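Down below is the structure, laid out as structure tokens.
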Amino acid sequence: MNIKILGTGCPKCKTLEKMTREVVEKNRIDATISKVEDIMEIMRYGIMSTPALVVDEKVEIKGRVPSLDEIKKVLMK
């Protein structure tokens with residue numbers, strides 16, 4: 001699984017990255033997590049408001065910080 005956290009480095013983006021890493025580690029999910037901070041690359045996903053969670057090139061969550069449970073549901077489906 002390829003996970004991308006889209007965000008320019010704001011506190012919400014850092015929170016989403018931290019929470020996503022926590023869910024992956026706790027649930028032993030086989031995933032590669034990367035942080036995308038380049039605004040042009042973020043815009044290619046059609047994101048106008050960060051942070052965003054992209055799983056295998058599909059935008060799953062955007063514009064807000066979800067709960068740990070919501071991240072887990074997205075990653076476990």
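By order in the structure tokens, chains are A, B, ...; within a chain, residues start at 1; ligands start at 1, following the order shown.
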**OP:** Compile the contact shell of Ile42 (chain A) as a list in words: residues with an atom at most 10 Å away, counting only C-alpha atoms, same-chain residues fewer than 3 positions apart removed.
**Re:** Ile5, Leu6, Gly7, Thr8, Val36, Glu37, Asp38, Ile39, Tyr45, Gly46, Ile47, Met48, Ser49, Thr50, Pro51 and Ala52 of chain A
**OP:** Can you check which residues of chain A DSSP gives as alpha helix (DSSP H) on the backbone and send them as an NGL selection string?
**Re:** :A and (11-26 or 39-44 or 68-76)
How would the residues just chosen look if you wrote them out with N, CA and C atoms as an mmCIF file, in the first residue's frame?
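Output below, filename result-v6.cif:
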```
data_model
loop_
_atom_site.group_PDB
_atom_site.id
_atom_site.type_symbol
_atom_site.label_atom_id
_atom_site.label_comp_id
_atom_site.auth_asym_id
_atom_site.auth_seq_id
_atom_site.Cartn_x
_atom_site.Cartn_y
_atom_site.Cartn_z
ATOM 1 N N PRO A 11 0.431 22.737 10.898
ATOM 2 C CA PRO A 11 0.199 21.838 12.043
ATOM 3 C C PRO A 11 -0.794 20.711 11.755
ATOM 4 N N LYS A 12 -1.868 20.995 11.005
ATOM 5 C CA LYS A 12 -2.852 19.944 10.685
ATOM 6 C C LYS A 12 -2.225 18.854 9.817
ATOM 7 N N CYS A 13 -1.368 19.256 8.886
ATOM 8 C CA CYS A 13 -0.708 18.288 8.004
ATOM 9 C C CYS A 13 0.216 17.383 8.819
ATOM 10 N N LYS A 14 0.942 17.976 9.754
ATOM 11 C CA LYS A 14 1.850 17.207 10.600
ATOM 12 C C LYS A 14 1.063 16.259 11.499
ATOM 13 N N THR A 15 -0.083 16.706 11.974
ATOM 14 C CA THR A 15 -0.933 15.858 12.814
ATOM 15 C C THR A 15 -1.437 14.655 12.018
ATOM 16 N N LEU A 16 -1.898 14.887 10.796
ATOM 17 C CA LEU A 16 -2.389 13.786 9.953
ATOM 18 C C LEU A 16 -1.270 12.783 9.682
ATOM 19 N N GLU A 17 -0.080 13.278 9.401
ATOM 20 C CA GLU A 17 1.047 12.371 9.146
ATOM 21 C C GLU A 17 1.343 11.530 10.388
ATOM 22 N N LYS A 18 1.396 12.172 11.548
ATOM 23 C CA LYS A 18 1.685 11.468 12.804
ATOM 24 C C LYS A 18 0.616 10.415 13.088
ATOM 25 N N MET A 19 -0.644 10.779 12.934
ATOM 26 C CA MET A 19 -1.746 9.852 13.201
ATOM 27 C C MET A 19 -1.727 8.676 12.227
ATOM 28 N N THR A 20 -1.450 8.948 10.961
ATOM 29 C CA THR A 20 -1.409 7.884 9.948
ATOM 30 C C THR A 20 -0.295 6.895 10.262
ATOM 31 N N ARG A 21 0.872 7.415 10.617
ATOM 32 C CA ARG A 21 1.997 6.540 10.973
ATOM 33 C C ARG A 21 1.649 5.680 12.192
ATOM 34 N N GLU A 22 0.940 6.278 13.140
ATOM 35 C CA GLU A 22 0.536 5.560 14.349
ATOM 36 C C GLU A 22 -0.407 4.403 14.001
ATOM 37 N N VAL A 23 -1.406 4.661 13.154
ATOM 38 C CA VAL A 23 -2.363 3.625 12.749
ATOM 39 C C VAL A 23 -1.648 2.497 12.001
ATOM 40 N N VAL A 24 -0.753 2.857 11.088
ATOM 41 C CA VAL A 24 -0.013 1.851 10.308
ATOM 42 C C VAL A 24 0.820 0.975 11.242
ATOM 43 N N GLU A 25 1.514 1.615 12.179
ATOM 44 C CA GLU A 25 2.370 0.867 13.107
ATOM 45 C C GLU A 25 1.555 -0.027 14.039
ATOM 46 N N LYS A 26 0.506 0.509 14.654
ATOM 47 C CA LYS A 26 -0.308 -0.260 15.604
ATOM 48 C C LYS A 26 -0.980 -1.460 14.959
ATOM 49 N N ILE A 39 3.396 22.224 -3.673
ATOM 50 C CA ILE A 39 2.031 22.700 -3.957
ATOM 51 C C ILE A 39 1.551 22.303 -5.352
ATOM 52 N N MET A 40 2.446 22.269 -6.322
ATOM 53 C CA MET A 40 2.045 21.879 -7.682
ATOM 54 C C MET A 40 1.638 20.399 -7.736
ATOM 55 N N GLU A 41 2.373 19.566 -7.017
ATOM 56 C CA GLU A 41 2.023 18.142 -6.979
ATOM 57 C C GLU A 41 0.709 17.935 -6.221
ATOM 58 N N ILE A 42 0.516 18.675 -5.135
ATOM 59 C CA ILE A 42 -0.734 18.587 -4.372
ATOM 60 C C ILE A 42 -1.917 18.970 -5.259
ATOM 61 N N MET A 43 -1.757 20.016 -6.040
ATOM 62 C CA MET A 43 -2.841 20.482 -6.919
ATOM 63 C C MET A 43 -3.186 19.457 -7.998
ATOM 64 N N ARG A 44 -2.233 18.618 -8.379
ATOM 65 C CA ARG A 44 -2.507 17.571 -9.385
ATOM 66 C C ARG A 44 -3.556 16.575 -8.891
ATOM 67 N N LEU A 68 -8.536 8.833 14.493
ATOM 68 C CA LEU A 68 -7.721 7.624 14.303
ATOM 69 C C LEU A 68 -8.564 6.485 13.746
ATOM 70 N N ASP A 69 -9.808 6.360 14.234
ATOM 71 C CA ASP A 69 -10.704 5.300 13.747
ATOM 72 C C ASP A 69 -11.006 5.457 12.266
ATOM 73 N N GLU A 70 -11.222 6.695 11.835
ATOM 74 C CA GLU A 70 -11.515 6.927 10.417
ATOM 75 C C GLU A 70 -10.310 6.580 9.543
ATOM 76 N N ILE A 71 -9.124 6.938 9.998
ATOM 77 C CA ILE A 71 -7.912 6.580 9.239
ATOM 78 C C ILE A 71 -7.797 5.064 9.158
ATOM 79 N N LYS A 72 -8.036 4.384 10.273
ATOM 80 C CA LYS A 72 -7.944 2.932 10.308
ATOM 81 C C LYS A 72 -8.937 2.303 9.327
ATOM 82 N N LYS A 73 -10.171 2.794 9.313
ATOM 83 C CA LYS A 73 -11.183 2.261 8.393
ATOM 84 C C LYS A 73 -10.739 2.404 6.935
ATOM 85 N N VAL A 74 -10.183 3.564 6.604
ATOM 86 C CA VAL A 74 -9.733 3.821 5.229
ATOM 87 C C VAL A 74 -8.597 2.861 4.862
ATOM 88 N N LEU A 75 -7.664 2.672 5.785
ATOM 89 C CA LEU A 75 -6.493 1.841 5.484
ATOM 90 C C LEU A 75 -6.783 0.339 5.528
ATOM 91 N N MET A 76 -7.819 -0.068 6.243
ATOM 92 C CA MET A 76 -8.127 -1.490 6.371
ATOM 93 C C MET A 76 -9.090 -2.014 5.309
#
```
Original post:
From the set A:Thr32, A:Asn2, A:Gly9, A:Asn27, which residue has the shortest atom-to-atom contact distance to Val55 (chain A), counting only C-alpha atoms?
Top reply: A:Asn2
Subject >> Gap from CA of Lys35 (chain A) to CA of Lys77 (chain A) - Å, one decimal >> reply: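 Computed distance, CA of Lys35 (chain A) to CA of Lys77 (chain A), equals 21.6 Å.
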Original post:
So how far away is CA of Asp30 (chain A) from CA of Lys58 (chain A), in Å?
Top reply: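 If I compute the distance from CA of Lys58 (chain A) to CA of Asp30 (chain A), I get 17.2 Å.
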**OP:** Would you mind reading off the distance between CA of Arg28 (chain A) and CA of Met1 (chain A), one decimal, in Å?
**Re:** 11.9 Å
**OP:** From the DSSP assignment of the backbone, select every residue of region 6-64 of chain A that is strand (DSSP E or B), and format the answer as an MDAnalysis selection string.
**Re:** chainID A and resid 6 32:36 52:55 58:62
Just the residues within 7 Å of Leu53 (chain A), please, counting only C-alpha atoms, with nothing from its chain fewer than 4 positions along; format it as a compact mmCIF listing (two decimals) with N, CA and C atoms, in the first residue's frame.
```
# COMPACT_ATOMS: atom_id res chain seq x y z
N LYS A 4 0.16 8.62 0.84
CA LYS A 4 0.75 9.95 0.74
C LYS A 4 -0.04 10.92 1.62
N ILE A 5 0.69 11.73 2.35
CA ILE A 5 0.09 12.80 3.12
C ILE A 5 0.39 14.07 2.35
N LEU A 6 -0.67 14.73 1.88
CA LEU A 6 -0.50 15.96 1.12
C LEU A 6 -0.68 17.15 2.05
N VAL A 59 -7.59 9.80 -3.56
CA VAL A 59 -7.80 10.72 -2.46
C VAL A 59 -8.92 10.18 -1.58
N GLU A 60 -8.61 9.90 -0.33
CA GLU A 60 -9.58 9.32 0.60
C GLU A 60 -10.15 10.37 1.55
N ILE A 61 -9.31 11.27 2.03
CA ILE A 61 -9.74 12.30 2.99
C ILE A 61 -9.05 13.59 2.59
N LYS A 62 -9.79 14.70 2.62
CA LYS A 62 -9.16 15.98 2.29
C LYS A 62 -9.77 17.12 3.08
```
